[in-house]
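File shown: work_34.txt (compact mmCIF, C-alpha atoms).
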# COMPACT_ATOMS: atom_id res chain seq x y z
CA MET A 295 53.75 21.09 13.10
CA PHE A 296 53.57 23.58 15.93
CA ARG A 297 51.85 26.09 13.66
CA ALA A 298 49.08 23.53 13.00
CA VAL A 299 48.67 22.95 16.74
CA PHE A 300 48.30 26.69 17.34
CA ARG A 301 45.64 26.92 14.60
CA LEU A 302 43.65 24.07 16.12
CA SER A 303 43.77 25.50 19.62
CA ALA A 304 42.61 28.91 18.35
CA THR A 305 39.48 27.44 16.71
CA GLY A 306 38.86 25.38 19.83
CA ALA A 307 38.94 28.49 22.00
CA ARG A 308 36.61 30.34 19.63
CA SER A 309 33.94 27.61 19.61
CA LEU A 310 34.16 27.34 23.40
CA ALA A 311 33.57 31.08 23.68
CA ARG A 312 30.53 30.81 21.40
CA SER A 313 28.93 28.02 23.44
CA GLN A 314 29.60 29.96 26.66
CA GLN A 315 27.76 32.93 25.19
CA CYS A 316 24.80 30.69 24.36
CA ARG A 317 24.60 29.30 27.88
CA LEU A 318 24.38 32.81 29.31
CA ALA A 319 21.32 33.69 27.17
CA PRO A 320 18.71 35.05 29.58
CA VAL A 321 15.29 34.14 28.14
CA ALA A 322 15.30 30.66 26.59
CA THR A 323 16.49 27.56 28.38
CA ARG A 324 17.51 26.15 24.98
CA CYS A 325 19.28 27.88 22.15
CA TYR A 326 16.22 28.66 20.01
CA SER A 327 16.98 31.06 17.21
CA HIS A 328 13.87 33.21 17.78
CA GLY A 329 10.25 33.13 18.91
CA LYS A 330 8.76 32.32 22.26
CA VAL A 331 7.17 29.02 23.28
CA GLU A 332 3.37 28.93 23.44
CA SER A 333 2.08 27.75 26.81
CA ASP A 334 -0.45 24.93 27.14
CA GLU A 335 -3.20 27.34 28.15
CA GLU A 336 -2.57 29.54 25.12
CA PHE A 337 -2.67 26.49 22.86
CA ASP A 338 -5.94 25.29 24.36
CA ALA A 339 -7.49 28.76 24.22
CA ARG A 340 -6.51 29.16 20.59
CA TRP A 341 -8.18 25.91 19.59
CA VAL A 342 -11.30 26.51 21.70
CA THR A 343 -11.68 29.86 19.95
CA TYR A 344 -11.20 28.20 16.56
CA PHE A 345 -14.03 25.73 17.05
CA SER A 346 -16.25 28.25 18.82
CA LYS A 347 -16.70 30.35 15.69
CA PRO A 348 -20.49 30.62 15.38
CA ASP A 349 -20.62 30.31 11.59
CA ILE A 350 -17.86 27.71 11.29
CA ASP A 351 -18.19 25.75 8.06
CA ALA A 352 -17.68 22.08 7.38
CA TRP A 353 -14.28 22.55 5.74
CA GLU A 354 -12.98 24.51 8.73
CA LEU A 355 -14.18 21.81 11.10
CA LYS A 356 -12.46 19.09 9.03
CA LYS A 357 -9.29 21.11 8.65
CA GLY A 358 -9.20 21.93 12.35
CA MET A 359 -9.78 18.37 13.49
CA ASN A 360 -7.30 16.85 11.05
CA THR A 361 -4.64 19.35 12.09
CA LEU A 362 -5.36 18.82 15.79
CA ILE A 363 -5.10 15.06 15.44
CA GLY A 364 -1.81 15.56 13.60
CA TYR A 365 -0.21 17.03 16.73
CA ASP A 366 1.65 14.86 19.21
CA LEU A 367 -0.93 15.27 21.97
CA VAL A 368 -4.46 14.30 23.01
CA PRO A 369 -6.62 17.44 22.96
CA GLU A 370 -8.03 18.73 26.23
CA ALA A 371 -11.70 18.19 27.06
CA LYS A 372 -12.54 21.86 26.50
CA ILE A 373 -11.19 21.79 22.95
CA LEU A 374 -13.21 18.66 22.20
CA ASP A 375 -16.28 20.20 23.79
CA SER A 376 -15.92 23.16 21.47
CA ALA A 377 -15.44 20.85 18.47
CA LEU A 378 -18.49 18.74 19.34
CA ARG A 379 -20.62 21.88 19.62
CA ALA A 380 -19.31 22.91 16.20
CA CYS A 381 -20.53 19.54 14.88
CA ARG A 382 -23.93 20.29 16.39
CA ARG A 383 -24.08 23.68 14.65
CA LEU A 384 -23.22 21.91 11.38
CA ASN A 385 -25.83 19.17 12.02
CA ASP A 386 -23.10 16.55 11.67
CA MET A 387 -23.62 13.70 14.13
CA ALA A 388 -21.30 11.36 12.22
CA SER A 389 -18.32 13.68 12.63
CA ALA A 390 -19.00 13.96 16.35
CA ILE A 391 -18.76 10.18 16.75
CA ARG A 392 -15.68 10.12 14.51
CA ILE A 393 -13.99 12.72 16.70
CA LEU A 394 -14.54 10.55 19.78
CA GLU A 395 -13.09 7.54 17.95
CA ALA A 396 -10.11 9.61 16.85
CA ILE A 397 -9.17 10.77 20.33
CA LYS A 398 -9.46 7.26 21.67
CA ASP A 399 -7.03 6.16 18.97
CA LYS A 400 -4.82 9.16 19.68
CA ALA A 401 -4.37 8.15 23.31
CA GLY A 402 -2.62 5.02 22.09
CA PRO A 403 -1.33 2.75 24.85
CA HIS A 404 -2.50 5.14 27.59
CA LYS A 405 -5.84 3.49 28.20
CA ASP A 406 -6.91 5.82 31.01
CA ILE A 407 -7.04 9.02 28.92
CA TYR A 408 -10.16 8.21 26.90
CA PRO A 409 -12.40 7.23 29.84
CA TYR A 410 -11.29 10.41 31.63
CA LEU A 411 -12.17 12.55 28.61
CA ILE A 412 -15.56 10.87 28.22
CA GLN A 413 -16.22 11.51 31.88
CA GLU A 414 -15.33 15.17 31.42
CA LEU A 415 -17.44 15.44 28.28
CA LYS A 416 -20.45 13.54 29.70
CA PRO A 417 -22.51 16.69 30.36
CA THR A 418 -21.95 17.89 26.80
CA LEU A 419 -22.66 14.47 25.32
CA THR A 420 -25.96 14.15 27.17
CA GLU A 421 -26.91 17.75 26.40
CA LEU A 422 -26.34 17.35 22.67
CA GLY A 423 -27.51 13.74 22.50
CA ILE A 424 -24.20 12.37 21.14
CA SER A 425 -23.68 8.66 21.73
CA THR A 426 -20.17 7.37 22.28
CA PRO A 427 -18.87 4.69 19.89
CA GLU A 428 -19.04 2.21 22.78
CA GLU A 429 -22.76 2.85 23.29
CA LEU A 430 -23.36 2.21 19.60
CA GLY A 431 -21.22 -0.91 19.57
CA MET A 432 -18.85 0.60 17.01
CA ASP A 433 -15.70 -0.01 19.01
CA ARG A 434 -15.91 -3.70 18.23
CA LEU A 435 -15.52 -5.39 14.87
CA MET B 279 -5.29 23.28 -5.42
CA LEU B 280 -5.17 22.87 -1.66
CA ARG B 281 -7.18 19.67 -1.91
CA LEU B 282 -4.88 18.24 -4.56
CA VAL B 283 -1.83 19.07 -2.44
CA SER B 284 -3.34 17.48 0.63
CA GLY B 285 -4.24 14.43 -1.44
CA ARG B 286 -0.69 14.12 -2.69
CA VAL B 287 0.75 14.68 0.78
CA SER B 288 -1.44 12.01 2.30
CA GLY B 289 -0.46 9.80 -0.64
CA LEU B 290 3.19 10.30 0.27
CA LEU B 291 2.51 9.62 3.92
CA ALA B 292 0.34 6.56 3.36
CA ARG B 293 2.19 3.30 3.55
CA ARG B 294 -0.54 1.63 1.60
CA VAL B 295 -2.70 4.04 -0.38
CA THR B 296 -6.19 2.55 -0.49
CA PRO B 297 -8.81 5.22 -1.21
CA ALA B 298 -12.25 3.66 -0.97
CA VAL B 299 -13.42 3.42 -4.56
CA CYS B 300 -16.96 4.63 -3.93
CA THR B 301 -19.07 3.88 -6.96
CA SER B 302 -21.53 6.62 -6.17
CA SER B 303 -19.11 9.40 -7.04
CA ALA B 304 -16.84 7.82 -9.68
CA ARG B 305 -17.33 8.96 -13.27
CA PRO B 306 -19.48 6.61 -15.30
CA ALA B 307 -16.93 4.08 -16.57
CA SER B 308 -17.23 2.63 -20.06
CA HIS B 309 -18.88 -0.76 -20.03
CA GLY B 310 -16.59 -2.41 -22.52
CA HIS B 311 -13.50 -2.73 -20.34
CA ALA B 312 -12.05 -5.93 -18.85
CA PRO B 313 -13.91 -7.21 -15.76
CA ASP B 314 -10.99 -6.96 -13.32
CA VAL B 315 -10.09 -3.33 -14.10
CA SER B 316 -11.57 -1.06 -11.38
CA PRO B 317 -13.53 1.98 -12.57
CA ALA B 318 -11.43 5.13 -13.04
CA VAL B 319 -11.36 7.30 -9.92
CA ASP B 320 -11.52 11.01 -10.63
CA MET B 321 -8.39 12.22 -8.85
CA SER B 322 -9.13 15.88 -9.51
CA ARG B 323 -12.00 15.91 -7.02
CA PRO B 324 -11.85 15.52 -3.23
CA MET B 325 -11.26 11.92 -2.26
CA TYR B 326 -12.35 9.80 0.67
CA TRP B 327 -9.68 8.18 2.85
CA ASP B 328 -10.01 5.93 5.87
CA ARG B 329 -6.94 7.00 7.85
CA ARG B 330 -6.32 6.99 11.57
CA ASP B 331 -4.55 10.35 11.38
CA VAL B 332 -7.15 12.05 9.16
CA PRO B 333 -10.40 11.51 11.05
CA LEU B 334 -12.58 13.72 8.82
CA PRO B 335 -11.79 13.06 5.13
CA ASP B 336 -12.31 15.57 2.33
CA ARG B 337 -15.72 14.27 1.37
CA PRO B 338 -18.37 12.02 2.90
CA PHE B 339 -18.29 8.39 1.92
CA ARG B 340 -21.71 8.37 0.30
CA ASP B 341 -22.44 11.35 -1.93
CA GLU B 342 -25.65 10.20 -3.49
CA LEU B 343 -28.35 9.72 -0.89
CA SER B 344 -31.51 7.75 -1.28
CA ALA B 345 -34.83 9.25 -0.19
CA GLY B 346 -34.59 7.45 3.14
CA ASP B 347 -31.09 8.83 3.70
CA LYS B 348 -32.25 12.33 2.85
CA SER B 349 -35.08 12.20 5.35
CA LEU B 350 -32.62 10.94 7.95
CA LYS B 351 -30.38 13.89 7.19
CA GLU B 352 -33.37 16.19 7.72
CA LYS B 353 -34.04 14.53 11.08
CA GLU B 354 -30.39 15.11 11.96
CA LYS B 355 -31.02 18.84 11.86
CA GLY B 356 -33.35 18.53 14.83
CA SER B 357 -32.46 17.36 18.32
CA TRP B 358 -30.11 14.39 18.27
CA LYS B 359 -31.85 12.89 21.28
CA GLN B 360 -34.71 11.77 19.07
CA LEU B 361 -32.37 9.68 16.89
CA SER B 362 -32.28 5.99 17.67
CA ASN B 363 -28.98 4.12 17.91
CA GLU B 364 -29.59 2.51 14.52
CA GLU B 365 -30.18 5.91 12.96
CA LYS B 366 -26.98 7.24 14.48
CA ILE B 367 -25.06 4.27 13.10
CA ALA B 368 -26.73 4.81 9.71
CA LEU B 369 -25.67 8.46 9.72
CA TYR B 370 -22.12 7.42 10.57
CA ARG B 371 -22.03 4.88 7.75
CA LEU B 372 -23.28 7.52 5.30
CA SER B 373 -20.29 9.72 6.04
CA PHE B 374 -17.66 7.08 6.75
CA ASN B 375 -16.71 3.72 5.33
CA GLN B 376 -14.87 1.96 8.15
CA THR B 377 -14.92 2.60 11.86
CA TYR B 378 -11.61 3.01 13.64
CA ALA B 379 -11.94 -0.52 14.98
CA GLU B 380 -12.32 -1.83 11.42
CA MET B 381 -9.41 0.29 10.21
CA LYS B 382 -7.17 -1.01 12.95
CA ARG B 383 -8.11 -4.65 12.72
CA PRO B 384 -5.09 -6.95 12.57
CA SER B 385 -4.45 -8.87 9.39
CA ALA B 386 -3.07 -12.34 8.87
CA GLU B 387 -0.25 -10.99 6.73
CA TRP B 388 2.38 -12.11 9.24
CA LYS B 389 1.57 -15.74 8.46
CA THR B 390 2.23 -15.13 4.76
CA VAL B 391 5.50 -13.38 5.54
CA LEU B 392 6.75 -16.05 7.94
CA GLY B 393 5.64 -18.81 5.57
CA GLY B 394 7.49 -17.17 2.70
CA VAL B 395 10.63 -16.82 4.80
CA PHE B 396 10.58 -20.51 5.72
CA ILE B 397 9.92 -21.56 2.12
CA PHE B 398 12.95 -19.67 0.93
CA LEU B 399 15.10 -20.95 3.79
CA GLY B 400 14.02 -24.50 2.95
CA PHE B 401 14.78 -24.00 -0.72
CA THR B 402 18.20 -22.65 0.19
CA GLY B 403 18.80 -25.71 2.34
CA LEU B 404 17.99 -27.92 -0.63
CA VAL B 405 20.40 -26.02 -2.81
CA VAL B 406 23.15 -26.32 -0.18
CA TRP B 407 22.59 -30.07 0.17
CA TRP B 408 22.66 -30.57 -3.60
CA GLN B 409 25.93 -28.65 -3.78
CA ARG B 410 27.41 -30.81 -1.02
CA VAL B 411 26.53 -34.01 -2.87
CA TYR B 412 27.03 -33.09 -6.51
CA VAL B 413 29.41 -30.16 -6.63
CA TYR B 414 32.01 -30.52 -3.89
CA PRO B 415 35.16 -32.49 -4.88
CA PRO B 416 36.24 -35.40 -2.63
CA ALA B 417 37.78 -34.32 0.71
CA PRO B 418 41.60 -34.11 0.91
CA ARG B 419 43.46 -37.03 2.50
CA THR B 420 44.34 -34.89 5.50
CA PHE B 421 40.74 -35.42 6.66
CA ASP B 422 41.10 -39.20 6.93
CA PRO B 423 40.89 -40.48 10.54
CA GLU B 424 44.31 -42.13 10.32
CA TRP B 425 45.93 -38.93 9.12
CA GLN B 426 44.15 -36.97 11.89
CA GLN B 427 45.46 -39.37 14.57
CA LYS B 428 49.02 -39.03 13.36
CA GLN B 429 48.54 -35.25 13.21
CA VAL B 430 47.39 -35.09 16.83
CA GLN B 431 50.32 -37.24 17.93
CA ARG B 432 52.71 -34.98 16.07
CA MET B 433 51.21 -31.90 17.72
CA LEU B 434 51.61 -33.46 21.16
CA ASP B 435 55.20 -34.42 20.40
CA MET B 436 55.90 -30.84 19.37
CA ARG B 437 54.26 -29.58 22.61
CA VAL B 438 51.84 -27.29 20.75
CA ASN B 439 50.42 -24.67 23.21
CA PRO B 440 51.82 -26.43 26.32
CA VAL B 441 50.80 -23.77 28.86
CA GLU B 442 47.14 -23.04 28.30
CA GLY B 443 46.08 -24.73 25.04
CA PHE B 444 46.38 -28.03 23.22
CA SER B 445 49.24 -29.92 24.89
CA ALA B 446 48.33 -28.53 28.30
CA LYS B 447 45.24 -30.74 28.21
CA TRP B 448 47.29 -33.92 27.59
CA ASP B 449 48.63 -35.82 30.56
CA TYR B 450 52.09 -36.96 29.38
CA GLU B 451 52.60 -39.38 32.32
CA LYS B 452 49.37 -41.27 32.00
CA LYS B 453 49.30 -40.80 28.20
CA GLN B 454 45.64 -39.70 28.13
CA TRP B 455 43.62 -36.54 27.96
CA LYS B 456 43.21 -34.77 31.29
Turn this file's structure into structure tokens for me.
Amino acid sequence: MFRAVFRLSATGARSLARSQQCRLAPVATRCYSHGKVESDEEFDARWVTYFSKPDIDAWELKKGMNTLIGYDLVPEAKILDSALRACRRLNDMASAIRILEAIKDKAGPHKDIYPYLIQELKPTLTELGISTPEELGMDRL
Amino acid sequence: MLRLVSGRVSGLLARRVTPAVCTSSARPASHGHAPDVSPAVDMSRPMYWDRRDVPLPDRPFRDELSAGDKSLKEKEKGSWKQLSNEEKIALYRLSFNQTYAEMKRPSAEWKTVLGGVFIFLGFTGLVVWWQRVYVYPPAPRTFDPEWQQKQVQRMLDMRVNPVEGFSAKWDYEKKQWK
């Protein structure tokens, strides 16, 4: 019986030592196995660059938007600005309106995000001549 | 290959898979089939989905454009400020079937569900009642009121639970319940 107790205490000590080692890790605040965390600015810059490609094609626009909407966030105004300009280069007004609908849906219960984004995008919308879904009456049934 | 995978993935994710069966791009179906069989959808080509999480589906809703639609598409290549609101809506409807508002509209399904639940509860109640009347044997004689009275008296005489329970509630001097 005592031998079993000794064995248990030994494993307990070993796992304690391992967790101590983890807590002393200098870089990460959590015990990630590898890789550094991308900052918000890097994320935004990456996506702005993606949509800013001058000869972006329709598939890339669709793929980019669908992926972006798949993330657990509402994209920043500068990413959306870049995406709307990509729609303009592709002569795709319908996708531009769809993007605006999608980000409104993405904001979910936070009703103040969409008006803020529209306010930020207003210069771009007037410059390119994009109407919001509200202006077209498409936000109602 | 990528398109097929994405189609299958969105099929797995979709709770209710309802690709819009757009007649303009389906293969010509044979005319001799039964009237309530929908035309075969060619699953090997990109499909159109109305999904909140896939804002730009693999293909536009309307593939085959009339002459009017084509001229509108030409106008789209110019400045968008010269498009009227109706033209913008028309362009949207060419590419997409339902707006987000239409996709997200509430249905009356909850009434069907609740109604079904009550129907089944009611039916169960009927079954239980029928069992009570036609299946249960007569109650034992220990349930008769006279038997119950004598049982209570016996329990009081035995001083069942005299501290906190049964007999504690009986006032033995006044011979009544407290």
Query raised in the report: Taking all atoms listed in the file into account, which residues of chain A are within 9 Å of chain B, as a PyMOL selection string?
Result: chain A and resi 353+355-357+359-361+363-364+382-389+391-393+395-396+399-400+420-425+429-430+432-435
**Report entry** Straight-line distance linking atom CA of A:Trp341 with atom CA of A:Ile373, stated in Å to one decimal
**Finding:**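 Rounded to one decimal, the two atoms are 6.1 Å apart.
Note that atom CA of B:Thr420 and atom CA of B:Trp408 are 23.9 Å apart.
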Query - Distance criterion (all atoms listed in the file): nearest to B:Leu434 out of B:Gly346, B:Pro415, B:Pro324, B:Trp455 - result: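 For B:Leu434, the nearest of the given residues is B:Trp455.
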With a distance cut-off of 12 Å and all atoms listed in the file, select the neighbouring residues of stretch 443-452 of chain B, excluding the residue or stretch itself and same-chain residues fewer than 3 positions from it, and output the selection as a compact mmCIF listing (two decimals) with C-alpha atoms, keeping the file's coordinate frame.
# COMPACT_ATOMS: atom_id res chain seq x y z
CA VAL B 430 47.39 -35.09 16.83
CA GLN B 431 50.32 -37.24 17.93
CA ARG B 432 52.71 -34.98 16.07
CA MET B 433 51.21 -31.90 17.72
CA LEU B 434 51.61 -33.46 21.16
CA ASP B 435 55.20 -34.42 20.40
CA MET B 436 55.90 -30.84 19.37
CA ARG B 437 54.26 -29.58 22.61
CA VAL B 438 51.84 -27.29 20.75
CA ASN B 439 50.42 -24.67 23.21
CA PRO B 440 51.82 -26.43 26.32
CA TRP B 455 43.62 -36.54 27.96
CA LYS B 456 43.21 -34.77 31.29
Query raised in the report: Which one of A:Thr426, A:Ser333, A:Ser327, A:Thr418 sits closest to A:Leu378 if you count only C-alpha atoms?
Result: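 Of the candidates, the smallest distance to A:Leu378 is held by A:Thr418.
The spacing separating atom CA of B:Ser322 from atom CA of A:Ala352 amounts to 19.9 Å.
If you measure from each of A:Leu374, A:Ile350, A:Ala339, A:Leu367 to A:Ala401 using only C-alpha atoms, the closest one turns out to be A:Leu367.
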